[in-house]
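Shown next, in structure tokens, is the structure this report addresses.
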Amino acid sequence: MAEPWAALRPGPDFLDILDQRVLPLTQRYLHCQSGDDVVEAISTLAVRGAPLIGLVSIYGLWLYALAADPEDMSKVLAAGADKLKRARPTAVNLAWAVDRAMAAVAAEDSRSVAAILFDLAEVVKIEDREQNLRIGNYGADFFSRPVSLLTHCNTGSLATAGYGTALGVIRTLHRRGQLKQVYVDETRPLFQGARLTAWELQQDSIAATVIPDSAAAFLISRGLVDAVVVGADRVAANGDSANKIGTLMLAIVAHHYGLPFVVAAPWTTVDLSLSRGDQIPIEERSETEVAEVLGHRILPEGVAAYNPAFDVTPASLITVIVTDRGAVRAPFAESLFRLKSN
Ligand code: MRU
């Protein structure tokens, strides 16, 4: 998205959230006046993307704190933290941000709890943007010649505090004059690629072509794609990476045709406490999201749908994991561990 970044607009005692469910046809803000409003916005995907839901959860805690009686503060915050963490289980950035916020509150008693949380959100916003710029540079450095890329879902300014992770790599390549073409999977069932990534790239005047998810293997087989670049919601210690459903299929196809498969994510997405990807909790969402397109049912009445929101790409299919601390290759259990102290 062209600056100014507009996904979140905090006011004195509210948070306006750009409603990503209706973009790009409608641009409207959800007016969140309570922590519960923020939980609802996260769980309904009005706001989404791993780093952004981490950031928004800190504003959620801030709204809980603003409404709490001082004597109930700890209880209210603990309950709010629990609701926020449960709103979306796969993206570890959410739990990371909530834990960081709770630790910040526990560590200080000179300012009001609300002030501590609001200021922390501003800090995390700045940090996340800086991390994305670094990811963009490390990721672009991986390519030595102009490339055509394929990406999935939305990993840009609408998924982060600005610039983006996988989309940050694409933006940096474009700035360097090294981007020939970007193909964007429409990303069923909720069309984050078709609606959000295409919109962001259009605002940046980066030529993008949207394809049905099912066309990716065909394009790759015809040599139209040089590499696949995706984000992540959680990276286990061995490099297995959870991302939007459909990512695993891309990784398998990329591997079959010998293309680099690049995962770009901030360090806050790496979860060294999990040794393997099969330990990552996978969110399952309502079957309505599959049964309906833009509010219209397309399945015959009575037919079931299944809607896992994420899949896990095994480390063996990943060429490089690009973080703000550097880009690493297999064996990831060693290379990621080395980044821990960077
Ligand atoms: O369900 P979503 O839209 O929140 O899923 C988003 C993704 O899978 C992104 O690829 C991931 O969060 C990385 S965002 C920088």
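Ordering of the structure tokens sets the chain letters (A, B, ...); residue numbers start at 1 within each chain; ligands are numbered from 1 in the order shown.
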Residues contacting ligand 1 - anything with an atom at most 7 Å away, using only C-alpha atoms and all ligand atoms - can you give me those as a PyMOL selection string?
chain A and resi 45+48-51+91+152-156+159-160+164-166+192+230-233+243-244+265+309-310
Do a neighbour search on Leu94 in chain A at 7 Å with only C-alpha atoms, toss out local chain neighbours closer than 6 positions, and write the hits as an NGL selection string.
:A and (50 or 53-54 or 57 or 85)
Store the residues of this selection in a file with N, CA and C atoms, as an mmCIF file, in the first residue's frame.
data_model
loop_
_atom_site.group_PDB
_atom_site.id
_atom_site.type_symbol
_atom_site.label_atom_id
_atom_site.label_comp_id
_atom_site.auth_asym_id
_atom_site.auth_seq_id
_atom_site.Cartn_x
_atom_site.Cartn_y
_atom_site.Cartn_z
ATOM 1 N N ALA A 50 0.196 -12.411 9.858
ATOM 2 C CA ALA A 50 0.804 -12.762 11.149
ATOM 3 C C ALA A 50 1.379 -11.551 11.909
ATOM 4 N N ILE A 53 -1.506 -9.038 13.093
ATOM 5 C CA ILE A 53 -2.377 -9.430 14.211
ATOM 6 C C ILE A 53 -1.598 -9.406 15.534
ATOM 7 N N GLY A 54 -0.275 -9.574 15.451
ATOM 8 C CA GLY A 54 0.533 -9.384 16.660
ATOM 9 C C GLY A 54 0.437 -7.935 17.130
ATOM 10 N N SER A 57 -2.976 -6.935 18.479
ATOM 11 C CA SER A 57 -3.318 -7.513 19.788
ATOM 12 C C SER A 57 -2.813 -6.623 20.923
ATOM 13 N N LYS A 85 -5.034 -14.388 22.279
ATOM 14 C CA LYS A 85 -4.177 -15.487 21.802
ATOM 15 C C LYS A 85 -4.990 -16.561 21.102
#
Report as JSON lines: every residue of range 56-113 of chain A with an atom at most 7 Å from range 118-125 of chain A, its closest pair of atoms, and their distance in Å to one decimal, counting only C-alpha atoms, with rows sorted by chain and ascending residue number.
{"residue": "A:Ile58", "atom": "CA", "partner": "A:Ala121", "partner_atom": "CA", "distance": 5.8}
{"residue": "A:Tyr59", "atom": "CA", "partner": "A:Ala121", "partner_atom": "CA", "distance": 6.4}
{"residue": "A:Trp62", "atom": "CA", "partner": "A:Phe118", "partner_atom": "CA", "distance": 6.0}
Store the residues picked out above in a file with C-alpha atoms, as a PDB file, in the first residue's frame.
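Everything below was put into out_16.pdb:
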ATOM      1  CA  ILE A  58      -1.229  -4.988  21.750  1.00  0.00           C
ATOM      2  CA  TYR A  59      -3.790  -2.305  20.903  1.00  0.00           C
ATOM      3  CA  TRP A  62      -4.560  -1.299  25.542  1.00  0.00           C
TER       4      TRP A  62
END
Can you list, as a PyMOL selection string, every protein, DNA or RNA residue that comes within 7 Å of Asn238 in chain A when you count only C-alpha atoms, leaving out same-chain residues fewer than 4 positions away?
chain A and resi 275-276+315+332-333
Those residues with C-alpha atoms, as a short mmCIF file (atom, residue, chain, number, x, y, z; two decimals), in the first residue's frame please?
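See out14.cif below for the written result:
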data_model
loop_
_atom_site.label_atom_id
_atom_site.label_comp_id
_atom_site.auth_asym_id
_atom_site.auth_seq_id
_atom_site.Cartn_x
_atom_site.Cartn_y
_atom_site.Cartn_z
CA SER A 275 11.07 -28.83 17.00
CA ARG A 276 8.93 -29.80 13.98
CA ALA A 315 11.95 -27.84 5.47
CA PHE A 332 17.77 -25.10 9.33
CA ALA A 333 17.95 -26.63 12.81
#
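Using only C-alpha atoms, the nearest neighbour of Pro266 in chain A within the list A:His174, A:Lys180, A:Arg129, A:Arg222 is A:Arg129.
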Would you kindly return, as number ranges by chain, each protein, DNA or RNA residue with an atom no farther than 12 Å from any atom of Leu248 in chain A, considering only C-alpha atoms and excluding same-chain residues fewer than 3 positions away?
A: 152, 213, 228, 230-232, 240-245, 251-255, 261, 263, 310-318
For CA of Asn307 in chain A and CA of Thr187 in chain A, the interatomic separation in Å (one decimal)
12.7 Å
Alpha helix (DSSP H) residues, from DSSP on the backbone, in range 59-164 of chain A, as JSON, numbers by chain
{"A": [59, 60, 61, 62, 63, 64, 65, 66, 67, 73, 74, 75, 76, 77, 78, 79, 80, 81, 82, 83, 84, 85, 86, 87, 92, 93, 94, 95, 96, 97, 98, 99, 100, 101, 102, 103, 104, 105, 106, 107, 113, 114, 115, 116, 117, 118, 119, 120, 121, 122, 123, 124, 125, 126, 127, 128, 129, 130, 131, 132, 133, 134, 135, 136, 137, 138, 139, 140, 141]}
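In terms of minimum interatomic distance to Leu196 in chain A, A:Leu167 ranks closest within A:Leu219, A:Leu167, A:Ile126, A:Leu299, counting only C-alpha atoms.
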Could you work out how far CA of Glu287 in chain A lies from CA of Gly193 in chain A, giving the answer in Å with one decimal?
19.7 Å
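Using only C-alpha atoms, the shortest contact distance between Gly177 in chain A and any of A:Thr90, A:Thr44, A:Ser148, A:Gln27 is found at A:Ser148.
Here the strand (DSSP E or B) residues in range 34-228 of chain A, by DSSP on the backbone, are Val147, Ser148, Leu149, Leu150, Thr151, Leu179, Lys180, Gln181, Val182, Tyr183, Val184, Asp185, Ala208, Thr209, Val210, Ile211, Ala227 and Val228 of chain A.
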Please, could you write that set of residues out with all heavy atoms as a compact mmCIF listing (two decimals), in the first residue's frame?
# COMPACT_ATOMS: atom_id res chain seq x y z
N VAL A 147 14.03 -11.50 -12.27
CA VAL A 147 13.24 -12.73 -12.10
C VAL A 147 11.74 -12.47 -12.22
O VAL A 147 11.25 -11.37 -11.96
CB VAL A 147 13.48 -13.37 -10.70
CG1 VAL A 147 14.75 -14.18 -10.68
CG2 VAL A 147 13.47 -12.32 -9.59
N SER A 148 11.03 -13.55 -12.59
CA SER A 148 9.57 -13.59 -12.51
C SER A 148 9.22 -14.44 -11.30
O SER A 148 9.73 -15.56 -11.16
CB SER A 148 8.98 -14.23 -13.77
OG SER A 148 9.20 -13.40 -14.87
N LEU A 149 8.36 -13.90 -10.45
CA LEU A 149 8.07 -14.57 -9.18
C LEU A 149 6.60 -14.94 -9.08
O LEU A 149 5.74 -14.28 -9.69
CB LEU A 149 8.45 -13.66 -8.01
CG LEU A 149 9.92 -13.26 -7.92
CD1 LEU A 149 10.14 -12.30 -6.76
CD2 LEU A 149 10.81 -14.51 -7.75
N LEU A 150 6.35 -15.95 -8.27
CA LEU A 150 4.98 -16.32 -7.92
C LEU A 150 4.84 -16.19 -6.41
O LEU A 150 5.72 -16.63 -5.66
CB LEU A 150 4.71 -17.77 -8.35
CG LEU A 150 3.38 -18.40 -7.90
CD1 LEU A 150 2.19 -17.66 -8.51
CD2 LEU A 150 3.34 -19.87 -8.28
N THR A 151 3.74 -15.55 -5.97
CA THR A 151 3.52 -15.44 -4.53
C THR A 151 2.10 -15.86 -4.20
O THR A 151 1.24 -16.00 -5.09
CB THR A 151 3.85 -14.02 -4.02
OG1 THR A 151 3.89 -14.05 -2.59
CG2 THR A 151 2.83 -12.98 -4.48
N LEU A 179 12.74 -7.02 -11.06
CA LEU A 179 11.50 -7.79 -11.08
C LEU A 179 10.92 -7.75 -12.49
O LEU A 179 10.52 -6.69 -12.98
CB LEU A 179 10.49 -7.20 -10.09
CG LEU A 179 9.20 -7.98 -9.94
CD1 LEU A 179 9.44 -9.35 -9.30
CD2 LEU A 179 8.20 -7.18 -9.10
N LYS A 180 10.87 -8.93 -13.12
CA LYS A 180 10.31 -8.97 -14.47
C LYS A 180 8.78 -9.03 -14.40
O LYS A 180 8.09 -8.34 -15.12
CB LYS A 180 10.84 -10.21 -15.21
CG LYS A 180 12.32 -10.09 -15.56
CD LYS A 180 12.71 -10.97 -16.73
CE LYS A 180 12.60 -12.44 -16.37
NZ LYS A 180 13.41 -13.32 -17.21
N GLN A 181 8.30 -9.89 -13.53
CA GLN A 181 6.86 -10.16 -13.48
C GLN A 181 6.52 -10.77 -12.14
O GLN A 181 7.34 -11.50 -11.57
CB GLN A 181 6.51 -11.13 -14.62
CG GLN A 181 5.14 -11.75 -14.58
CD GLN A 181 4.02 -10.76 -14.84
OE1 GLN A 181 3.68 -9.95 -13.98
NE2 GLN A 181 3.44 -10.81 -16.03
N VAL A 182 5.33 -10.43 -11.61
CA VAL A 182 4.89 -11.14 -10.42
C VAL A 182 3.51 -11.73 -10.66
O VAL A 182 2.59 -11.03 -11.08
CB VAL A 182 4.97 -10.27 -9.13
CG1 VAL A 182 4.26 -8.95 -9.26
CG2 VAL A 182 4.45 -11.03 -7.93
N TYR A 183 3.43 -13.03 -10.44
CA TYR A 183 2.15 -13.74 -10.49
C TYR A 183 1.64 -13.89 -9.07
O TYR A 183 2.40 -14.20 -8.15
CB TYR A 183 2.31 -15.12 -11.14
CG TYR A 183 2.71 -15.05 -12.59
CD1 TYR A 183 4.03 -15.26 -12.98
CD2 TYR A 183 1.77 -14.74 -13.57
CE1 TYR A 183 4.40 -15.19 -14.32
CE2 TYR A 183 2.14 -14.65 -14.91
CZ TYR A 183 3.45 -14.88 -15.27
OH TYR A 183 3.82 -14.78 -16.59
N VAL A 184 0.33 -13.65 -8.91
CA VAL A 184 -0.28 -13.68 -7.58
C VAL A 184 -1.39 -14.73 -7.59
O VAL A 184 -2.36 -14.61 -8.34
CB VAL A 184 -0.88 -12.29 -7.24
CG1 VAL A 184 -1.53 -12.32 -5.86
CG2 VAL A 184 0.18 -11.21 -7.33
N ASP A 185 -1.25 -15.75 -6.73
CA ASP A 185 -2.34 -16.71 -6.57
C ASP A 185 -3.55 -15.99 -6.00
O ASP A 185 -3.42 -15.23 -5.03
CB ASP A 185 -1.94 -17.78 -5.54
CG ASP A 185 -1.15 -18.91 -6.16
OD1 ASP A 185 -1.03 -18.96 -7.40
OD2 ASP A 185 -0.66 -19.75 -5.37
N ALA A 208 1.19 -6.76 -11.89
CA ALA A 208 0.95 -8.08 -11.32
C ALA A 208 -0.12 -8.79 -12.13
O ALA A 208 -1.01 -8.15 -12.69
CB ALA A 208 0.47 -7.94 -9.88
N THR A 209 0.00 -10.11 -12.19
CA THR A 209 -1.00 -10.91 -12.88
C THR A 209 -1.56 -11.91 -11.89
O THR A 209 -0.81 -12.70 -11.29
CB THR A 209 -0.35 -11.67 -14.06
OG1 THR A 209 0.25 -10.70 -14.93
CG2 THR A 209 -1.39 -12.47 -14.83
N VAL A 210 -2.87 -11.87 -11.69
CA VAL A 210 -3.52 -12.79 -10.75
C VAL A 210 -3.87 -14.08 -11.49
O VAL A 210 -4.36 -14.04 -12.62
CB VAL A 210 -4.78 -12.14 -10.14
CG1 VAL A 210 -5.53 -13.14 -9.26
CG2 VAL A 210 -4.40 -10.89 -9.35
N ILE A 211 -3.61 -15.21 -10.84
CA ILE A 211 -3.95 -16.50 -11.45
C ILE A 211 -4.79 -17.32 -10.46
O ILE A 211 -4.68 -17.13 -9.24
CB ILE A 211 -2.69 -17.32 -11.84
CG1 ILE A 211 -1.81 -17.60 -10.61
CG2 ILE A 211 -1.89 -16.59 -12.92
CD1 ILE A 211 -0.73 -18.63 -10.86
N ALA A 227 10.97 -18.34 -9.44
CA ALA A 227 11.03 -18.72 -8.02
C ALA A 227 9.68 -18.43 -7.38
O ALA A 227 8.92 -17.59 -7.86
CB ALA A 227 12.11 -17.92 -7.29
N VAL A 228 9.41 -19.14 -6.29
CA VAL A 228 8.20 -18.91 -5.50
C VAL A 228 8.62 -18.24 -4.19
O VAL A 228 9.57 -18.69 -3.54
CB VAL A 228 7.46 -20.24 -5.21
CG1 VAL A 228 6.23 -20.00 -4.35
CG2 VAL A 228 7.09 -20.94 -6.52
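For Phe143 in chain A, the residues within 9 Å (counting only C-alpha atoms, excluding itself and residues fewer than 4 positions away along the chain) are Gly139, Val147, Leu173 and Gln178 of chain A.
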Put those residues in a file: N, CA, C and O atoms, as a PDB file, in the first residue's frame.
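Output below, filename result-v5.pdb:
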ATOM      1  N   GLY A 139      16.227 -10.764   1.119  1.00  0.00           N
ATOM      2  CA  GLY A 139      15.538 -11.610   0.143  1.00  0.00           C
ATOM      3  C   GLY A 139      15.929 -11.246  -1.282  1.00  0.00           C
ATOM      4  O   GLY A 139      16.167 -12.135  -2.120  1.00  0.00           O
ATOM      5  N   VAL A 147      14.033 -11.498 -12.265  1.00  0.00           N
ATOM      6  CA  VAL A 147      13.244 -12.730 -12.095  1.00  0.00           C
ATOM      7  C   VAL A 147      11.743 -12.468 -12.222  1.00  0.00           C
ATOM      8  O   VAL A 147      11.252 -11.369 -11.957  1.00  0.00           O
ATOM      9  N   LEU A 173      12.952  -5.986  -4.976  1.00  0.00           N
ATOM     10  CA  LEU A 173      13.423  -6.378  -6.310  1.00  0.00           C
ATOM     11  C   LEU A 173      12.931  -5.382  -7.362  1.00  0.00           C
ATOM     12  O   LEU A 173      13.674  -5.013  -8.273  1.00  0.00           O
ATOM     13  N   GLN A 178      14.888  -5.392 -10.726  1.00  0.00           N
ATOM     14  CA  GLN A 178      15.167  -6.818 -10.930  1.00  0.00           C
ATOM     15  C   GLN A 178      13.911  -7.678 -10.974  1.00  0.00           C
ATOM     16  O   GLN A 178      13.995  -8.898 -10.879  1.00  0.00           O
TER      17      GLN A 178
END
